[in-house]
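**Q** Mind having a look at this structure? Questions to follow.
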Amino acid sequence: MNDPAERYPVARPSLSQLEERYVVDALRSGWISSQGPYLAEFEHRFAQRCAAGQAVATSNGTVALHLVLAAAGIGPGDEVIVPALTYVATANAVAYCGARAVCVDVRRETWCVDPAAVRAAIGPRTRAVIAVDLYGHPADYPALRELCRRHGLLLVADAAESFGATLDGRPTGSLADATTFSFFGNKVITSGEGGCVTTCDPTLAQRMRLLRNQGMDPDRRYYFPVLGYNYRMTNLCAALLCAQLDRADEIIARREWVIAAYEEQLADEPKLSAQPVAPGVRRGPWMAAFLVGARADATSRDALARVLDRLGVQTRPFFVPIPDLPAHHDPTVDRPVADDLSRRGINLPTYVELTESAVKTVVERVRAALGAIG
Ligand SMILES: *Cc1c(COP(=O)(O)O)cnc(C)c1O
């Protein structure tokens, strides 16, 4: 039965006795720091699952992005093209290198970076493109790969939100030169904090392993030929992730079910539109995402969120466009689609333990809230 006072958070990790068992095993073994058997097992299994040559585990998804760019030698004077609508980490990683994040608009059909806008933004300083699989939807990698190949640019996929997604049957992790993942507490699989880079380029992988470990010469202890970082993952986190990988198919299936249930049950709501899905795409089931109101409606989403909060349903607004953030401020960026999605987008509770009747209750509350805002 659903208690009318029951509150539904927007996200919740799915942690079973398996996670507990592996973490306790790691703890009792004494391997709690950044060496241990779960780390090697996780990297091996994650690379396999992503159909990538190698996986390099990191302490979170933000440093995974920085590690790729640092390993590729991106620095001051360089430009990296990023979508205007993404989590701040995508642009921050570029700034950490002393390079400039050049924002371009996203497509209305995918909510991901527009390859035509990327092409128009390529200049003499451009070194790389970071595509972002926003709200689990893979970016247009065939077009981006071709564009980057022609211009000699590194293509990075920020797949923090798209673990479990495929494009024409190929998993994220295998669609770009390097792909980064996040295992933050609200992501599809999690270790609390954690991240990873997958790549099929052994030279890039080797460089990332060097920089991840403070730049220490693998053949000479305490000799550091380059400036590196401590971006290592712990064996405790890797233990948690091995359990999450054991359960990944079940976690993905359940989250997909939740998103499909919202989309079916809310399909007749004129004020809501579901996330579009491009041909050939299976989304990673991160968070159910809808747009509220008609194009350019700047107030309904926030009104809906306020009423839903009162009714016990936690939601999330979409990201604020990167050029509107003080650290990346740029009023000259033309990004009408990103602005519109940012103002109208909302995420609904998405997690494994959400039962059929709980989804129904959330849907009823969404309908009531839409009625209340008129
Ligand atoms: C979550 C996320 C990241 C990285 O997040 P961390 O919290 O550092 O693990 C990067 N990019 C996007 C798009 C994300 O959603």
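Residue names in the structure tokens use chain letters A, B, ... in the order shown, residue numbers from 1 in each chain, and ligand numbers from 1 in the order shown.
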Which residues form the shell of 8 Å around ligand 1 when you count only C-alpha atoms and all ligand atoms, given as a short mmCIF file (atom, residue, chain, number, x, y, z; two decimals) with all heavy atoms, in the first residue's frame?

**A**
```cif
data_model
loop_
_atom_site.label_atom_id
_atom_site.label_comp_id
_atom_site.auth_asym_id
_atom_site.auth_seq_id
_atom_site.Cartn_x
_atom_site.Cartn_y
_atom_site.Cartn_z
N SER A 59 38.96 8.30 -9.41
CA SER A 59 38.23 8.59 -8.17
C SER A 59 36.88 9.26 -8.40
O SER A 59 36.03 9.25 -7.51
CB SER A 59 39.10 9.42 -7.22
OG SER A 59 39.88 10.35 -7.93
N ASN A 60 36.64 9.82 -9.56
CA ASN A 60 35.30 10.32 -9.91
C ASN A 60 35.25 10.62 -11.41
O ASN A 60 36.25 10.47 -12.11
CB ASN A 60 34.89 11.54 -9.06
CG ASN A 60 35.82 12.72 -9.24
OD1 ASN A 60 35.93 13.27 -10.33
ND2 ASN A 60 36.50 13.11 -8.18
N GLY A 61 34.08 11.03 -11.86
CA GLY A 61 33.90 11.26 -13.29
C GLY A 61 34.50 12.56 -13.79
O GLY A 61 34.84 12.68 -14.97
N THR A 62 34.63 13.53 -12.91
CA THR A 62 35.22 14.81 -13.30
C THR A 62 36.70 14.65 -13.59
O THR A 62 37.21 15.11 -14.62
CB THR A 62 35.02 15.86 -12.18
OG1 THR A 62 33.62 15.94 -11.87
CG2 THR A 62 35.52 17.21 -12.59
N VAL A 63 37.42 13.95 -12.70
CA VAL A 63 38.85 13.76 -12.93
C VAL A 63 39.09 12.80 -14.10
O VAL A 63 40.13 12.86 -14.75
CB VAL A 63 39.63 13.33 -11.66
CG1 VAL A 63 39.40 14.33 -10.54
CG2 VAL A 63 39.29 11.93 -11.23
N ALA A 64 38.13 11.92 -14.37
CA ALA A 64 38.25 11.05 -15.56
C ALA A 64 38.34 11.93 -16.81
O ALA A 64 39.18 11.70 -17.69
CB ALA A 64 37.06 10.10 -15.64
N LEU A 65 37.49 12.96 -16.88
CA LEU A 65 37.53 13.89 -18.01
C LEU A 65 38.86 14.64 -18.06
O LEU A 65 39.48 14.76 -19.13
CB LEU A 65 36.38 14.91 -17.89
CG LEU A 65 34.99 14.44 -18.30
CD1 LEU A 65 33.93 15.37 -17.72
CD2 LEU A 65 34.87 14.36 -19.82
N THR A 86 25.10 20.82 -20.41
CA THR A 86 25.71 19.66 -19.77
C THR A 86 25.96 19.99 -18.31
O THR A 86 25.77 21.14 -17.87
CB THR A 86 27.04 19.26 -20.47
OG1 THR A 86 27.62 18.14 -19.78
CG2 THR A 86 28.05 20.40 -20.47
N TYR A 87 26.39 18.97 -17.56
CA TYR A 87 26.82 19.21 -16.19
C TYR A 87 28.13 19.99 -16.23
O TYR A 87 28.94 19.83 -17.16
CB TYR A 87 26.99 17.86 -15.49
CG TYR A 87 27.43 17.93 -14.06
CD1 TYR A 87 26.69 18.66 -13.12
CD2 TYR A 87 28.56 17.25 -13.62
CE1 TYR A 87 27.08 18.71 -11.80
CE2 TYR A 87 28.95 17.29 -12.30
CZ TYR A 87 28.21 18.03 -11.39
OH TYR A 87 28.61 18.08 -10.09
N VAL A 88 28.36 20.81 -15.22
CA VAL A 88 29.50 21.74 -15.23
C VAL A 88 30.85 21.04 -15.37
O VAL A 88 31.82 21.61 -15.89
CB VAL A 88 29.48 22.63 -13.96
CG1 VAL A 88 29.76 21.80 -12.69
CG2 VAL A 88 30.45 23.78 -14.07
N ALA A 89 30.94 19.77 -14.94
CA ALA A 89 32.21 19.04 -14.95
C ALA A 89 32.82 18.98 -16.35
O ALA A 89 34.05 19.05 -16.50
CB ALA A 89 32.02 17.63 -14.42
N THR A 90 31.99 18.86 -17.38
CA THR A 90 32.48 18.76 -18.76
C THR A 90 33.33 19.97 -19.11
O THR A 90 34.43 19.84 -19.65
CB THR A 90 31.30 18.65 -19.75
OG1 THR A 90 30.33 17.73 -19.25
CG2 THR A 90 31.76 18.21 -21.12
N VAL A 132 28.45 14.84 -25.02
CA VAL A 132 27.86 14.40 -23.75
C VAL A 132 26.56 13.65 -24.03
O VAL A 132 25.72 14.12 -24.80
CB VAL A 132 27.57 15.62 -22.84
CG1 VAL A 132 26.93 15.17 -21.53
CG2 VAL A 132 28.85 16.40 -22.57
N ASP A 133 26.43 12.48 -23.43
CA ASP A 133 25.21 11.67 -23.62
C ASP A 133 24.17 12.13 -22.60
O ASP A 133 23.95 11.49 -21.57
CB ASP A 133 25.54 10.19 -23.45
CG ASP A 133 26.60 9.73 -24.44
OD1 ASP A 133 26.79 10.39 -25.48
OD2 ASP A 133 27.22 8.68 -24.16
N LEU A 134 23.54 13.26 -22.92
CA LEU A 134 22.69 13.93 -21.94
C LEU A 134 21.46 13.09 -21.56
O LEU A 134 20.75 12.60 -22.43
CB LEU A 134 22.24 15.29 -22.48
CG LEU A 134 21.82 16.28 -21.39
CD1 LEU A 134 23.02 16.76 -20.58
CD2 LEU A 134 21.07 17.46 -21.99
N TYR A 135 21.26 12.95 -20.27
CA TYR A 135 20.14 12.16 -19.72
C TYR A 135 20.06 10.78 -20.37
O TYR A 135 18.99 10.28 -20.67
CB TYR A 135 18.82 12.94 -19.81
CG TYR A 135 18.94 14.26 -19.07
CD1 TYR A 135 18.91 15.47 -19.73
CD2 TYR A 135 19.17 14.27 -17.69
CE1 TYR A 135 19.09 16.67 -19.05
CE2 TYR A 135 19.36 15.46 -17.01
CZ TYR A 135 19.32 16.65 -17.69
OH TYR A 135 19.52 17.83 -17.01
N ASP A 158 31.56 12.00 -22.99
CA ASP A 158 31.23 12.07 -21.57
C ASP A 158 29.97 11.24 -21.39
O ASP A 158 28.86 11.70 -21.65
CB ASP A 158 31.02 13.53 -21.15
CG ASP A 158 30.66 13.67 -19.67
OD1 ASP A 158 30.34 12.64 -19.04
OD2 ASP A 158 30.70 14.81 -19.16
N ALA A 159 30.19 9.97 -20.97
CA ALA A 159 29.08 9.02 -20.84
C ALA A 159 28.71 8.82 -19.37
O ALA A 159 28.21 7.76 -18.98
CB ALA A 159 29.46 7.69 -21.48
N ALA A 160 28.94 9.88 -18.57
CA ALA A 160 28.63 9.80 -17.14
C ALA A 160 27.17 9.39 -16.90
O ALA A 160 26.86 8.76 -15.90
CB ALA A 160 28.90 11.15 -16.48
N GLU A 161 26.30 9.77 -17.86
CA GLU A 161 24.86 9.53 -17.67
C GLU A 161 24.35 8.38 -18.53
O GLU A 161 23.15 8.13 -18.55
CB GLU A 161 24.11 10.83 -18.00
CG GLU A 161 24.61 12.01 -17.17
CD GLU A 161 23.95 13.34 -17.52
OE1 GLU A 161 23.11 13.38 -18.44
OE2 GLU A 161 24.30 14.34 -16.86
N THR A 180 34.38 8.72 -20.88
CA THR A 180 34.45 8.82 -19.42
C THR A 180 33.10 8.46 -18.80
O THR A 180 32.04 8.72 -19.37
CB THR A 180 34.84 10.24 -18.97
OG1 THR A 180 33.79 11.15 -19.34
CG2 THR A 180 36.14 10.68 -19.61
N PHE A 181 33.19 7.85 -17.61
CA PHE A 181 32.00 7.46 -16.85
C PHE A 181 32.09 8.03 -15.44
O PHE A 181 33.19 8.30 -14.94
CB PHE A 181 31.90 5.94 -16.77
CG PHE A 181 31.63 5.28 -18.10
CD1 PHE A 181 32.66 4.95 -18.95
CD2 PHE A 181 30.31 5.00 -18.49
CE1 PHE A 181 32.41 4.35 -20.18
CE2 PHE A 181 30.06 4.41 -19.72
CZ PHE A 181 31.11 4.08 -20.57
N SER A 182 30.94 8.17 -14.81
CA SER A 182 30.88 8.56 -13.40
C SER A 182 30.09 7.52 -12.63
O SER A 182 29.10 6.98 -13.14
CB SER A 182 30.17 9.92 -13.26
OG SER A 182 29.79 10.13 -11.92
N PHE A 183 30.55 7.25 -11.41
CA PHE A 183 29.81 6.33 -10.53
C PHE A 183 29.38 7.04 -9.26
O PHE A 183 29.38 6.46 -8.17
CB PHE A 183 30.67 5.09 -10.24
CG PHE A 183 31.20 4.43 -11.48
CD1 PHE A 183 32.56 4.37 -11.73
CD2 PHE A 183 30.33 3.92 -12.45
CE1 PHE A 183 33.05 3.79 -12.89
CE2 PHE A 183 30.81 3.36 -13.62
CZ PHE A 183 32.17 3.28 -13.85
N PHE A 184 29.02 8.31 -9.40
CA PHE A 184 28.45 9.09 -8.30
C PHE A 184 27.16 8.39 -7.82
O PHE A 184 26.57 7.58 -8.55
CB PHE A 184 28.15 10.51 -8.80
CG PHE A 184 27.62 11.43 -7.74
CD1 PHE A 184 28.40 11.77 -6.65
CD2 PHE A 184 26.32 11.93 -7.83
CE1 PHE A 184 27.89 12.60 -5.66
CE2 PHE A 184 25.81 12.76 -6.84
CZ PHE A 184 26.61 13.11 -5.75
N LYS A 187 24.07 7.88 -10.15
CA LYS A 187 24.22 7.37 -11.52
C LYS A 187 23.69 5.94 -11.64
O LYS A 187 23.33 5.32 -10.65
CB LYS A 187 25.70 7.47 -11.94
CG LYS A 187 26.22 8.93 -11.94
CD LYS A 187 25.69 9.75 -13.12
CE LYS A 187 25.77 11.25 -12.92
NZ LYS A 187 27.08 11.85 -13.14
N GLU A 193 31.42 7.62 -4.88
CA GLU A 193 32.20 8.45 -5.79
C GLU A 193 33.02 7.48 -6.62
O GLU A 193 33.49 6.46 -6.10
CB GLU A 193 33.15 9.39 -5.05
CG GLU A 193 32.48 10.45 -4.18
CD GLU A 193 32.06 11.70 -4.95
OE1 GLU A 193 32.26 11.73 -6.19
OE2 GLU A 193 31.53 12.62 -4.32
N GLY A 194 33.24 7.79 -7.88
CA GLY A 194 34.04 6.90 -8.71
C GLY A 194 33.90 7.30 -10.17
O GLY A 194 32.97 8.02 -10.54
N GLY A 195 34.85 6.86 -10.98
CA GLY A 195 34.81 7.17 -12.40
C GLY A 195 35.68 6.22 -13.17
O GLY A 195 36.33 5.34 -12.57
#
```

**Q** Set the distance at 10 Å and use only C-alpha atoms: which residues neighbour stretch 79-85 of chain A once local chain neighbours fewer than 6 positions away are removed? I'd like the list as a ChimeraX atom specification.

**A** /A:69,91,94-95,98-107,111-114,117-119,121-132,134,153-156,158,318-324,333-339,341-342

**Q** Of the residues A:Ser191, A:Gln35, A:Gln214, A:Gln275, which is the one nearest to A:Ala243, using only C-alpha atoms?

**A** A:Ser191

**Q** Please, what distance in Å, to one decimal, runs between atom CA of A:Ala288 and atom CA of A:Ile346?

**A**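 Separation between atom CA of A:Ala288 and atom CA of A:Ile346: 8.3 Å.
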
**Q** When distances are computed from only C-alpha atoms, which of A:Gly169, A:Pro202, A:Gly185, A:Gly36 shows the smallest separation from A:Ala55?

**A**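 Ranked by minimum distance to A:Ala55, first place goes to A:Pro202.
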
**Q** Could you check which of A:Leu39, A:Pro279, A:Pro331, A:Ala358 is closest to A:Val313, using only C-alpha atoms?

**A**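 Checking each of A:Leu39, A:Pro279, A:Pro331, A:Ala358 against A:Val313, counting only C-alpha atoms, the winner is A:Ala358.
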
**Q** Where in stretch 19-149 of chain A does DSSP assign helix (DSSP H, G or I), given as a ChimeraX atom specification?

**A** /A:19-29,37-49,61-71,88-96,115-121,134-136,141-149

**Q** What is the atom CA of A:Trp31-atom CA of A:Asn235 distance in Å, reported with one decimal?

**A**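 Atom-to-atom, atom CA of A:Trp31 and atom CA of A:Asn235 are spaced 6.4 Å apart.
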
**Q** Nearest to A:Gln17 among A:His66, A:His329, A:Arg310, A:Arg247, with distances taken over only C-alpha atoms: which residue is it?

**A** A:Arg247

**Q** State, in Å with one decimal place, the distance from atom CA of A:Gly284 to atom CA of A:Pro317.

**A**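 Here the two named atoms are 18.9 Å from each other.
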
**Q** Residues at most 8 Å from stretch 251-268 of chain A, counting only C-alpha atoms, excluding those fewer than 3 positions away in the same chain, as an NGL selection string?

**A** :A and (14 or 164 or 188-189 or 247-248 or 272-274 or 284-288 or 350-352 or 354 or 359 or 363)

**Q** Would you please work out which residue, of A:Gln314, A:Asn186, A:Thr332, A:Ser29, is nearest to A:Glu6 when using only C-alpha atoms?

**A** A:Gln314

**Q** What are the DSSP strand (DSSP E) residues of stretch 9-215 of chain A, as number ranges by chain?

**A** A: 54-58, 79-83, 100-104, 126-132, 154-158, 166-167, 170-171, 178-182, 195-199

**Q** Would you save the residues from that selection as a PDB file, in the first residue's frame, using C-alpha atoms?

**A**
```pdb
ATOM      1  CA  GLN A  54      41.071  -0.825 -21.716  1.00  0.00           C
ATOM      2  CA  ALA A  55      39.447   0.769 -18.709  1.00  0.00           C
ATOM      3  CA  VAL A  56      41.268   3.152 -16.368  1.00  0.00           C
ATOM      4  CA  ALA A  57      39.425   3.565 -13.057  1.00  0.00           C
ATOM      5  CA  THR A  58      39.483   6.986 -11.369  1.00  0.00           C
ATOM      6  CA  GLU A  79      40.143  25.023 -27.433  1.00  0.00           C
ATOM      7  CA  VAL A  80      37.814  22.121 -26.725  1.00  0.00           C
ATOM      8  CA  ILE A  81      34.265  22.133 -28.089  1.00  0.00           C
ATOM      9  CA  VAL A  82      31.564  21.126 -25.585  1.00  0.00           C
ATOM     10  CA  PRO A  83      27.752  21.245 -25.618  1.00  0.00           C
ATOM     11  CA  ARG A 100      39.080  27.159 -23.298  1.00  0.00           C
ATOM     12  CA  ALA A 101      35.716  25.359 -23.437  1.00  0.00           C
ATOM     13  CA  VAL A 102      33.914  26.549 -26.569  1.00  0.00           C
ATOM     14  CA  CYS A 103      30.184  25.953 -26.111  1.00  0.00           C
ATOM     15  CA  VAL A 104      27.857  25.075 -28.974  1.00  0.00           C
ATOM     16  CA  THR A 126      40.552  23.437 -31.657  1.00  0.00           C
ATOM     17  CA  ARG A 127      42.105  20.239 -30.312  1.00  0.00           C
ATOM     18  CA  ALA A 128      39.190  18.109 -29.141  1.00  0.00           C
ATOM     19  CA  VAL A 129      35.419  17.692 -28.938  1.00  0.00           C
ATOM     20  CA  ILE A 130      33.647  16.392 -25.841  1.00  0.00           C
ATOM     21  CA  ALA A 131      30.208  15.005 -26.679  1.00  0.00           C
ATOM     22  CA  VAL A 132      27.859  14.402 -23.747  1.00  0.00           C
ATOM     23  CA  LEU A 154      40.333  13.970 -30.327  1.00  0.00           C
ATOM     24  CA  LEU A 155      36.745  12.832 -29.759  1.00  0.00           C
ATOM     25  CA  VAL A 156      35.857  12.327 -26.095  1.00  0.00           C
ATOM     26  CA  ALA A 157      32.495  10.959 -24.975  1.00  0.00           C
ATOM     27  CA  ASP A 158      31.235  12.073 -21.568  1.00  0.00           C
ATOM     28  CA  THR A 166      23.845   1.506 -27.112  1.00  0.00           C
ATOM     29  CA  LEU A 167      23.968   3.147 -30.545  1.00  0.00           C
ATOM     30  CA  ARG A 170      27.356  -0.714 -29.838  1.00  0.00           C
ATOM     31  CA  PRO A 171      27.705   0.244 -26.167  1.00  0.00           C
ATOM     32  CA  ALA A 178      38.005   7.906 -25.142  1.00  0.00           C
ATOM     33  CA  THR A 179      34.876   7.690 -22.998  1.00  0.00           C
ATOM     34  CA  THR A 180      34.450   8.817 -19.421  1.00  0.00           C
ATOM     35  CA  PHE A 181      32.001   7.464 -16.853  1.00  0.00           C
ATOM     36  CA  SER A 182      30.877   8.564 -13.402  1.00  0.00           C
ATOM     37  CA  GLY A 195      34.813   7.174 -12.395  1.00  0.00           C
ATOM     38  CA  CYS A 196      36.466   5.455 -15.321  1.00  0.00           C
ATOM     39  CA  VAL A 197      37.876   6.076 -18.793  1.00  0.00           C
ATOM     40  CA  THR A 198      37.599   3.496 -21.558  1.00  0.00           C
ATOM     41  CA  THR A 199      39.707   3.626 -24.706  1.00  0.00           C
TER      42      THR A 199
END
```
